[in-house]
$ cat run33.txt   # compact mmCIF, C-alpha atoms and all ligand atoms
# COMPACT_ATOMS: atom_id res chain seq x y z
CA MET A 17 -131.43 -21.96 128.27
CA ALA A 18 -129.84 -25.22 127.35
CA LEU A 19 -126.54 -26.68 128.33
CA THR A 20 -125.25 -28.12 125.16
CA GLY A 21 -124.12 -31.32 126.75
CA LEU A 22 -125.61 -31.70 130.15
CA ALA A 23 -125.39 -28.62 132.21
CA GLY A 24 -123.19 -25.54 133.69
CA VAL A 25 -119.46 -23.45 135.48
CA THR A 26 -117.24 -21.29 138.04
CA SER A 27 -113.73 -19.32 138.51
CA CYS A 28 -111.08 -17.21 140.43
CA THR A 29 -107.42 -16.64 139.90
CA GLY A 30 -104.92 -18.33 142.13
CA GLU A 31 -101.16 -18.32 142.37
CA GLU A 32 -99.48 -19.51 139.26
CA GLN A 33 -96.15 -20.93 138.30
CA GLU A 34 -95.24 -20.48 134.70
CA SER A 35 -92.02 -21.80 133.30
CA ALA A 36 -90.37 -20.43 130.20
CA GLY A 37 -90.15 -22.27 126.94
CA SER A 38 -92.21 -25.07 125.55
CA ALA A 39 -91.58 -28.72 125.01
CA SER A 40 -92.71 -30.69 122.04
CA ARG A 41 -95.11 -33.42 122.98
CA THR A 42 -96.43 -36.36 121.13
CA HIS A 43 -99.15 -38.44 122.65
CA ALA A 44 -99.01 -41.77 120.96
CA SER A 45 -101.14 -44.82 121.36
CA LYS A 46 -101.11 -48.37 120.27
CA PRO A 47 -103.68 -49.17 117.62
CA SER A 48 -105.69 -51.21 120.10
CA ASP A 49 -109.03 -49.88 121.26
CA SER A 50 -109.55 -51.79 124.48
CA PRO A 51 -112.60 -50.33 126.22
CA ASP A 52 -110.85 -49.97 129.54
CA GLY A 53 -107.89 -48.23 127.99
CA LYS A 54 -105.41 -50.89 129.09
CA ALA A 55 -102.63 -51.99 126.79
CA ASP A 56 -100.90 -55.33 127.13
CA GLY A 57 -102.42 -55.78 130.55
CA LYS A 58 -100.47 -52.87 131.99
CA ALA A 59 -102.46 -50.79 134.39
CA ASP A 60 -100.64 -47.58 133.69
CA HIS A 61 -101.59 -47.62 129.99
CA GLU A 62 -98.07 -46.55 129.06
CA SER A 63 -95.18 -48.01 127.12
CA LYS A 64 -92.31 -46.56 125.13
CA ASP A 65 -91.90 -46.34 121.38
CA PRO A 66 -88.48 -46.75 119.72
CA ALA A 67 -87.82 -43.03 120.04
CA GLY A 68 -88.36 -43.24 123.77
CA HIS A 69 -91.61 -41.31 123.78
CA LYS A 70 -94.20 -42.43 126.26
CA SER A 71 -97.13 -44.13 124.62
CA ARG A 72 -100.63 -44.24 125.99
CA GLU A 73 -104.12 -44.92 124.85
CA LEU A 74 -105.12 -41.84 122.96
CA PRO A 75 -108.73 -40.65 122.72
CA TRP A 76 -109.86 -40.58 119.08
CA ASN A 77 -110.99 -37.00 119.55
CA LEU A 78 -107.42 -35.81 120.18
CA ASP A 79 -105.92 -38.08 117.53
CA ARG A 80 -108.24 -36.62 114.89
CA ILE A 81 -107.47 -32.94 115.34
CA ASP A 82 -103.76 -32.84 114.50
CA GLN A 83 -104.15 -34.23 110.99
CA SER A 84 -106.12 -33.66 107.82
CA ALA A 85 -106.35 -37.33 106.74
CA PRO A 86 -109.39 -39.23 108.04
CA ASP A 87 -107.43 -42.37 108.96
CA LEU A 88 -106.21 -41.96 112.53
CA ASP A 89 -102.45 -42.32 113.04
CA HIS A 90 -102.54 -42.90 116.82
CA ARG A 91 -100.63 -39.70 117.46
CA PHE A 92 -101.51 -36.30 118.81
CA HIS A 93 -98.57 -34.04 118.23
CA THR A 94 -98.26 -30.44 119.30
CA THR A 95 -95.33 -28.29 120.33
CA ALA A 96 -97.42 -25.83 122.33
CA THR A 97 -99.17 -26.89 125.53
CA GLY A 98 -101.28 -23.84 126.34
CA GLU A 99 -98.90 -22.85 129.12
CA GLY A 100 -99.47 -19.29 130.25
CA VAL A 101 -102.95 -19.09 128.72
CA ARG A 102 -106.14 -18.88 130.78
CA VAL A 103 -109.35 -20.45 129.61
CA TYR A 104 -112.44 -19.09 131.35
CA LEU A 105 -115.25 -21.60 131.60
CA LEU A 106 -118.73 -20.11 131.76
CA ASP A 107 -120.28 -23.34 132.91
CA CYS A 108 -121.31 -25.43 135.91
CA GLN A 109 -119.16 -26.29 138.85
CA VAL A 110 -115.72 -27.70 138.05
CA ASP A 111 -113.83 -30.20 140.22
CA LEU A 112 -111.01 -27.94 141.41
CA ASP A 113 -109.06 -30.85 142.89
CA HIS A 114 -109.08 -33.26 139.95
CA ALA A 115 -105.66 -34.85 139.62
CA GLN A 116 -105.74 -34.49 135.82
CA LEU A 117 -106.07 -30.74 136.19
CA GLY A 118 -103.01 -30.68 138.40
CA GLY A 119 -103.79 -27.56 140.39
CA ARG A 120 -104.26 -25.54 137.20
CA VAL A 121 -107.91 -24.78 137.85
CA SER A 122 -109.18 -21.99 140.06
CA GLN A 123 -112.52 -20.56 141.03
CA GLY A 124 -113.57 -17.21 139.66
CA ALA A 125 -117.06 -15.80 140.00
CA ASP A 126 -119.98 -17.89 141.20
CA THR A 127 -123.23 -16.32 140.01
CA VAL A 128 -125.31 -19.29 141.12
CA GLY A 129 -124.60 -19.36 144.85
CA GLY A 130 -126.18 -21.79 147.26
CA LYS A 131 -124.89 -25.27 147.71
CA PRO A 132 -122.08 -26.47 145.47
CA GLY A 133 -122.59 -29.11 142.83
CA GLY A 134 -125.07 -29.60 140.06
CA CYS A 135 -124.99 -30.33 136.36
CA HIS A 136 -124.54 -34.08 136.48
CA ASP A 137 -126.25 -36.24 133.91
CA ASP A 138 -127.85 -39.57 134.67
CA MET A 139 -124.48 -41.26 134.18
CA GLY A 140 -122.89 -39.00 136.79
CA VAL A 141 -120.87 -36.99 134.29
CA SER A 142 -120.31 -33.42 135.52
CA HIS A 143 -120.70 -30.98 132.64
CA GLY A 144 -118.17 -28.41 133.88
CA THR A 145 -115.47 -30.93 134.78
CA PHE A 146 -115.90 -32.83 131.52
CA VAL A 147 -115.55 -29.62 129.49
CA ALA A 148 -112.50 -28.59 131.54
CA GLY A 149 -110.87 -31.96 130.86
CA ILE A 150 -111.21 -31.61 127.09
CA ILE A 151 -109.34 -28.31 127.29
CA ALA A 152 -106.79 -28.91 129.99
CA GLY A 153 -106.76 -32.51 131.24
CA LYS A 154 -103.21 -33.87 131.49
CA ASP A 155 -104.06 -36.87 129.31
CA THR A 156 -107.40 -35.81 127.88
CA GLY A 157 -106.84 -32.16 127.03
CA VAL A 158 -105.92 -30.32 123.85
CA ALA A 159 -103.90 -27.81 125.89
CA PRO A 160 -102.74 -29.76 128.97
CA LYS A 161 -100.81 -26.94 130.58
CA SER A 162 -103.41 -24.22 130.14
CA ARG A 163 -105.12 -22.81 133.22
CA ILE A 164 -108.85 -23.12 133.78
CA VAL A 165 -110.73 -20.33 135.51
CA ALA A 166 -114.14 -21.64 136.41
CA VAL A 167 -117.02 -19.16 136.32
CA ARG A 168 -119.98 -20.98 137.80
CA SER A 169 -123.08 -19.65 136.12
CA MET A 170 -125.26 -22.70 135.71
CA SER A 171 -126.71 -25.44 137.86
CA GLY A 172 -129.45 -27.99 137.44
CA GLY A 173 -129.37 -31.45 136.01
CA GLU A 174 -130.48 -34.86 137.05
CA GLY A 175 -132.84 -34.78 140.00
CA GLU A 176 -132.67 -31.01 140.49
CA ARG A 177 -135.37 -28.42 140.15
CA PRO A 178 -135.35 -26.57 136.82
CA VAL A 179 -134.11 -22.98 137.01
CA PRO A 180 -136.45 -20.39 135.45
CA LYS A 181 -135.18 -19.18 132.09
CA LYS A 182 -134.87 -15.56 133.14
CA THR A 183 -132.84 -16.53 136.18
CA SER A 184 -130.60 -18.72 134.06
CA GLU A 185 -130.00 -15.93 131.56
CA LYS A 186 -129.19 -13.42 134.30
CA ARG A 187 -126.64 -15.75 135.89
CA ILE A 188 -124.95 -16.37 132.55
CA VAL A 189 -124.85 -12.66 131.69
CA ARG A 190 -123.35 -11.82 135.09
CA GLY A 191 -120.72 -14.52 134.59
CA MET A 192 -119.86 -13.24 131.13
CA ASN A 193 -119.58 -9.68 132.40
CA TRP A 194 -117.25 -10.91 135.14
CA ILE A 195 -115.02 -12.50 132.51
CA ALA A 196 -115.03 -9.29 130.44
CA GLU A 197 -113.96 -7.31 133.50
CA HIS A 198 -111.48 -9.72 135.07
CA ALA A 199 -109.89 -11.80 132.32
CA ARG A 200 -106.11 -11.78 132.27
CA LYS A 201 -104.71 -12.20 128.80
CA PRO A 202 -103.90 -14.19 126.85
CA ALA A 203 -107.40 -15.50 127.44
CA VAL A 204 -110.10 -17.67 125.92
CA ALA A 205 -113.71 -17.99 127.08
CA ASN A 206 -115.52 -21.29 126.49
CA LEU A 207 -119.31 -21.17 126.38
CA SER A 208 -120.70 -24.67 126.09
CA LEU A 209 -124.22 -23.30 126.39
CA ASN A 210 -126.98 -21.81 124.27
CA LEU A 211 -130.09 -19.76 124.87
CA ASP A 212 -133.28 -20.42 122.96
CA ARG A 213 -134.11 -16.77 122.33
CA PRO A 214 -132.27 -13.53 121.62
CA SER A 215 -130.52 -11.95 124.59
CA PRO A 216 -129.30 -8.36 124.10
CA ALA A 217 -127.65 -8.54 127.53
CA LEU A 218 -125.62 -11.64 126.72
CA ARG A 219 -124.71 -10.24 123.31
CA ALA A 220 -123.40 -7.04 124.96
CA ALA A 221 -121.40 -8.99 127.55
CA VAL A 222 -119.81 -11.25 124.96
CA LYS A 223 -119.01 -8.25 122.75
CA LYS A 224 -117.36 -6.51 125.71
CA ALA A 225 -115.13 -9.51 126.38
CA ILE A 226 -114.09 -9.78 122.73
CA ASP A 227 -113.39 -6.04 122.56
CA LYS A 228 -111.07 -6.51 125.53
CA GLY A 229 -109.14 -9.22 123.69
CA VAL A 230 -110.76 -12.41 124.95
CA THR A 231 -111.29 -15.07 122.26
CA VAL A 232 -114.82 -16.41 122.72
CA VAL A 233 -115.76 -19.94 121.60
CA ALA A 234 -119.33 -21.26 121.77
CA SER A 235 -121.18 -24.48 121.07
CA ALA A 236 -123.58 -24.52 118.11
CA GLY A 237 -126.34 -26.10 120.21
CA ASN A 238 -127.95 -29.56 120.24
CA ASP A 239 -131.35 -28.85 118.69
CA ALA A 240 -130.67 -30.39 115.25
CA ALA A 241 -131.72 -26.96 114.00
CA ASP A 242 -130.26 -23.60 113.01
CA ALA A 243 -127.45 -22.40 115.27
CA CYS A 244 -128.36 -18.79 114.44
CA ALA A 245 -131.45 -19.18 116.63
CA HIS A 246 -129.40 -20.14 119.69
CA PRO A 247 -127.26 -17.30 121.10
CA PRO A 248 -124.41 -16.74 121.49
CA ALA A 249 -123.81 -19.06 118.52
CA ASP A 250 -125.36 -16.41 116.28
CA MET A 251 -122.65 -13.79 116.89
CA ALA A 252 -120.25 -13.26 114.00
CA GLU A 253 -117.35 -12.49 116.36
CA VAL A 254 -117.83 -15.72 118.31
CA ILE A 255 -116.18 -18.93 117.06
CA THR A 256 -119.17 -21.27 116.81
CA VAL A 257 -118.49 -25.00 116.85
CA GLY A 258 -120.60 -27.88 115.56
CA ALA A 259 -120.12 -31.50 116.63
CA SER A 260 -118.68 -34.23 114.40
CA THR A 261 -118.56 -37.98 114.92
CA ARG A 262 -115.78 -40.56 114.91
CA LYS A 263 -116.56 -41.22 111.25
CA ASP A 264 -116.34 -37.52 110.41
CA GLY A 265 -120.09 -37.17 110.06
CA HIS A 266 -122.32 -34.36 111.29
CA TRP A 267 -123.50 -35.58 114.70
CA LYS A 268 -127.25 -36.22 114.75
CA ASP A 269 -129.11 -38.73 116.92
CA ASN A 270 -132.64 -37.96 115.71
CA GLU A 271 -134.91 -35.20 114.45
CA TYR A 272 -134.63 -33.25 117.69
CA LEU A 273 -131.18 -34.11 118.99
CA GLY A 274 -128.07 -33.33 117.01
CA SER A 275 -125.59 -30.60 116.27
CA ASN A 276 -127.08 -27.35 115.08
CA GLY A 277 -125.96 -26.25 111.64
CA GLY A 278 -126.42 -23.37 109.22
CA ARG A 279 -124.36 -20.34 108.32
CA CYS A 280 -123.57 -19.46 111.97
CA VAL A 281 -121.41 -22.59 112.42
CA ASP A 282 -117.77 -21.69 111.77
CA LEU A 283 -116.19 -25.13 112.04
CA TYR A 284 -116.66 -28.60 113.48
CA ALA A 285 -114.77 -30.46 116.19
CA PRO A 286 -115.27 -33.92 117.70
CA GLY A 287 -118.41 -34.10 119.83
CA ASP A 288 -119.44 -37.75 120.05
CA HIS A 289 -117.91 -40.59 122.12
CA ILE A 290 -115.54 -38.13 123.74
CA SER A 291 -113.12 -39.09 126.53
CA SER A 292 -112.61 -36.65 129.38
CA LEU A 293 -112.67 -36.28 133.16
CA PHE A 294 -115.04 -38.03 135.50
CA ASP A 295 -114.81 -37.90 139.28
CA ASN A 296 -111.22 -38.87 139.98
CA GLY A 297 -110.59 -40.64 136.71
CA THR A 298 -111.50 -40.44 133.07
CA THR A 299 -114.42 -41.74 131.13
CA THR A 300 -115.99 -41.71 127.70
CA SER A 301 -119.28 -39.92 127.25
CA MET A 302 -121.51 -41.87 124.93
CA SER A 303 -123.73 -38.84 124.47
CA GLY A 304 -123.05 -36.57 121.56
CA ALA A 305 -122.98 -32.87 122.37
CA THR A 306 -121.73 -29.63 120.92
CA SER A 307 -120.70 -28.89 124.53
CA TRP A 308 -117.90 -31.37 123.93
CA ALA A 309 -116.97 -29.91 120.52
CA ALA A 310 -116.45 -26.28 121.58
CA PRO A 311 -113.71 -27.01 124.18
CA HIS A 312 -111.57 -28.70 121.52
CA VAL A 313 -111.49 -25.36 119.73
CA SER A 314 -110.88 -23.45 122.97
CA GLY A 315 -107.91 -25.71 123.62
CA ALA A 316 -106.59 -25.09 120.12
CA ALA A 317 -107.00 -21.35 120.66
CA ALA A 318 -104.95 -21.70 123.86
CA LEU A 319 -102.17 -23.46 121.92
CA TYR A 320 -102.14 -20.62 119.39
CA LEU A 321 -102.18 -17.91 122.05
CA GLN A 322 -99.21 -19.45 123.86
CA THR A 323 -97.06 -18.71 120.83
CA HIS A 324 -98.97 -15.55 119.77
CA PRO A 325 -99.82 -14.01 123.14
CA HIS A 326 -100.73 -10.63 121.69
CA ALA A 327 -103.03 -11.95 118.98
CA GLU A 328 -106.48 -10.40 118.85
CA PRO A 329 -109.61 -12.58 118.85
CA ALA A 330 -110.06 -11.94 115.13
CA ASP A 331 -106.51 -13.22 114.51
CA VAL A 332 -107.16 -16.40 116.49
CA ARG A 333 -110.42 -16.98 114.66
CA SER A 334 -108.78 -16.37 111.29
CA TRP A 335 -105.90 -18.77 112.00
CA LEU A 336 -108.21 -21.56 113.17
CA LEU A 337 -110.50 -21.28 110.16
CA ARG A 338 -107.61 -20.97 107.71
CA HIS A 339 -105.94 -24.14 109.00
CA ALA A 340 -109.07 -26.26 109.53
CA THR A 341 -109.43 -29.23 107.17
CA SER A 342 -111.90 -28.42 104.42
CA GLY A 343 -114.22 -31.06 103.02
CA ALA A 344 -113.71 -33.17 106.14
CA VAL A 345 -117.22 -33.39 107.59
CA ARG A 346 -119.84 -35.39 105.72
CA LYS A 347 -123.61 -35.02 105.58
CA VAL A 348 -123.66 -31.48 106.89
CA PRO A 349 -126.99 -29.62 106.82
CA SER A 350 -127.61 -27.17 103.99
CA ASN A 351 -125.68 -23.92 104.08
CA THR A 352 -123.22 -25.35 106.62
CA THR A 353 -119.44 -25.47 106.57
CA ASP A 354 -117.54 -28.76 106.26
CA LEU A 355 -114.42 -27.49 108.06
CA LEU A 356 -112.92 -29.66 110.82
CA LEU A 357 -110.56 -28.37 113.49
CA ASN A 358 -106.85 -29.00 112.84
CA VAL A 359 -104.18 -27.71 115.23
CA HIS A 360 -101.80 -27.96 112.29
CA GLY A 361 -98.49 -28.17 114.07
CA LEU A 362 -99.08 -25.63 116.83
CA CA B 401 -103.39 -37.90 114.85
$ encode --input "run33.txt" --output "structure tokens" --more "lines below"
Ligand SMILES: [Ca+2]
Amino acid sequence: MALTGLAGVTSCTGEEQESAGSASRTHASKPSDSPDGKADGKADHESKDPAGHKSRELPWNLDRIDQSAPDLDHRFHTTATGEGVRVYLLDCQVDLDHAQLGGRVSQGADTVGGKPGGCHDDMGVSHGTFVAGIIAGKDTGVAPKSRIVAVRSMSGGEGERPVPKKTSEKRIVRGMNWIAEHARKPAVANLSLNLDRPSPALRAAVKKAIDKGVTVVASAGNDAADACAHPPADMAEVITVGASTRKDGHWKDNEYLGSNGGRCVDLYAPGDHISSLFDNGTTTSMSGATSWAAPHVSGAAALYLQTHPHAEPADVRSWLLRHATSGAVRKVPSNTTDLLLNVHGL
């Protein structure tokens, strides 16, 4: 088992407040790229453009996915926000109290048990919280009003004992089965994880969730190899996501570390130098990972499902692939798509 960024997840359903209607939003940023995110010395990173919209430093990874042109326009415009849509994270522990998640995250199943925590890398980035932020963070998320249901099915990471592969697989399968049985639609499941061998049990659990109407998105894997060898990326019904770079290249660090490719990859999304949630603030992960790419697509699926709440997983998949930007990703491996995620006015 490999976490396709760092490590693992959790979830349950709490009380919810859902307001009717949706507001158009445009995140805009100044063209500056100050490393600390400050503009003009202001600590709040915000100003107003002539139209009165709030402006803030915008992560490149959001800026890129609302446009087909490669030159960033310092805007991330969507009308939908993901409100009313639940995204189930089969992952590590998620910070349920993070201010950027604004009480929109709840704990579902925990198939790991024991002490809380786990899945931090050597920089202290928590895999589950970082993935959650890409989907639903107020300033960092594709769908900032979606709800996260954390299904904790992985642990491990820096300084922790490795979990035996069979144990890891069992925990993930139990988590996926919980999602299949408990998901409230409209729903997306994000799996920023990959196994290194076939798993009939995981395949059956994922199939069950999709048959019940849950859109399932998975990372392609970080082996610089064939995604088809790393379930659940191999499943035709799953939306499998490769990682692209800031320059629209296929992310690859070396011979052994890079986005998986091949015919099982459905589309790319940003996966390198990604900004998301860290402890009580935000940070930029310097590490490339398909774990960071998949949640961009899960967020986009949440935007679509807000406005098409009865859409089936095949409809969501079809829309995303039809509206992705073709020819966008360079230097892809042989037999691999060059499609890049585009929310295309959702
Ligand atoms: Ca843009």
$ residues_near_ligand --input "run33.txt" --ligand "ligand CA 401 (chain B)" --cutoff "6 Å" --atoms "all atoms listed in the file" --output "PyMOL selection string"
chain A and resi 79-80+82-83+88-92
$ residues_near_point --input "run33.txt" --point "(-121.9, -23.4, 116.0)" --cutoff "6 Å" --atoms "all atoms listed in the file" --output "list in words"
Ser235, Ala236, Ala243, Ala249, Thr256, Val257, Gly258, Cys280 and Val281 of chain A
$ residues_around --input "run33.txt" --residues "region 198-203 of chain A" --least-positions-apart "2" --cutoff "12 Å" --atoms "only C-alpha atoms" --output "PyMOL selection string"
chain A and resi 27-30+98-105+124-125+162-167+191-196+205-206+224-233+314-315+317-329+332
$ closest_residue --input "run33.txt" --among "A:Ala285, A:Asp239, A:Thr306, A:Pro248" --to "Val359 (chain A)" --atoms "all atoms listed in the file"
A:Ala285
$ residues_near_point --input "run33.txt" --point "(-110.0, -24.9, 107.6)" --cutoff "8 Å" --atoms "only C-alpha atoms" --output "tab-separated table (two decimals) with C-alpha atoms, in the coordinates of the input"
chain	number	residue	atom	x	y	z
A	283	LEU	CA	-116.19	-25.13	112.04
A	336	LEU	CA	-108.21	-21.56	113.17
A	337	LEU	CA	-110.50	-21.28	110.16
A	338	ARG	CA	-107.61	-20.97	107.71
A	339	HIS	CA	-105.94	-24.14	109.00
A	340	ALA	CA	-109.07	-26.26	109.53
A	341	THR	CA	-109.43	-29.23	107.17
A	342	SER	CA	-111.90	-28.42	104.42
A	355	LEU	CA	-114.42	-27.49	108.06
A	356	LEU	CA	-112.92	-29.66	110.82
A	357	LEU	CA	-110.56	-28.37	113.49
A	358	ASN	CA	-106.85	-29.00	112.84
$ closest_residue --input "run33.txt" --among "A:Ala85, A:Gly134, A:Leu207, A:Asp288" --to "Glu176 (chain A)" --atoms "all atoms listed in the file"
A:Gly134
$ residues_around --input "run33.txt" --residues "His289 (chain A)" --least-positions-apart "5" --cutoff "9 Å" --atoms "all atoms listed in the file" --output "number ranges by chain"
A: 76-77, 261-262, 300-304
$ write_last_selection --input "run33.txt" --atoms "C-alpha atoms" --output "PDB file, keeping the file's coordinate frame"
ATOM      1  CA  TRP A  76    -109.860 -40.580 119.080  1.00  0.00           C
ATOM      2  CA  ASN A  77    -110.990 -37.000 119.550  1.00  0.00           C
ATOM      3  CA  THR A 261    -118.560 -37.980 114.920  1.00  0.00           C
ATOM      4  CA  ARG A 262    -115.780 -40.560 114.910  1.00  0.00           C
ATOM      5  CA  THR A 300    -115.990 -41.710 127.700  1.00  0.00           C
ATOM      6  CA  SER A 301    -119.280 -39.920 127.250  1.00  0.00           C
ATOM      7  CA  MET A 302    -121.510 -41.870 124.930  1.00  0.00           C
ATOM      8  CA  SER A 303    -123.730 -38.840 124.470  1.00  0.00           C
ATOM      9  CA  GLY A 304    -123.050 -36.570 121.560  1.00  0.00           C
TER      10      GLY A 304
END
$ closest_residue --input "run33.txt" --among "A:Thr95, A:Asn296, A:Ser171, A:Ser208" --to "Val313 (chain A)" --atoms "only C-alpha atoms"
A:Ser208
$ closest_residue --input "run33.txt" --among "A:Lys347, A:Arg333, A:His360, A:His136" --to "Ser260 (chain A)" --atoms "all atoms listed in the file"
A:Lys347
$ atom_distance --input "run33.txt" --atom1 "CA of Thr352 (chain A)" --atom2 "CA of Asp250 (chain A)"
13.3 Å
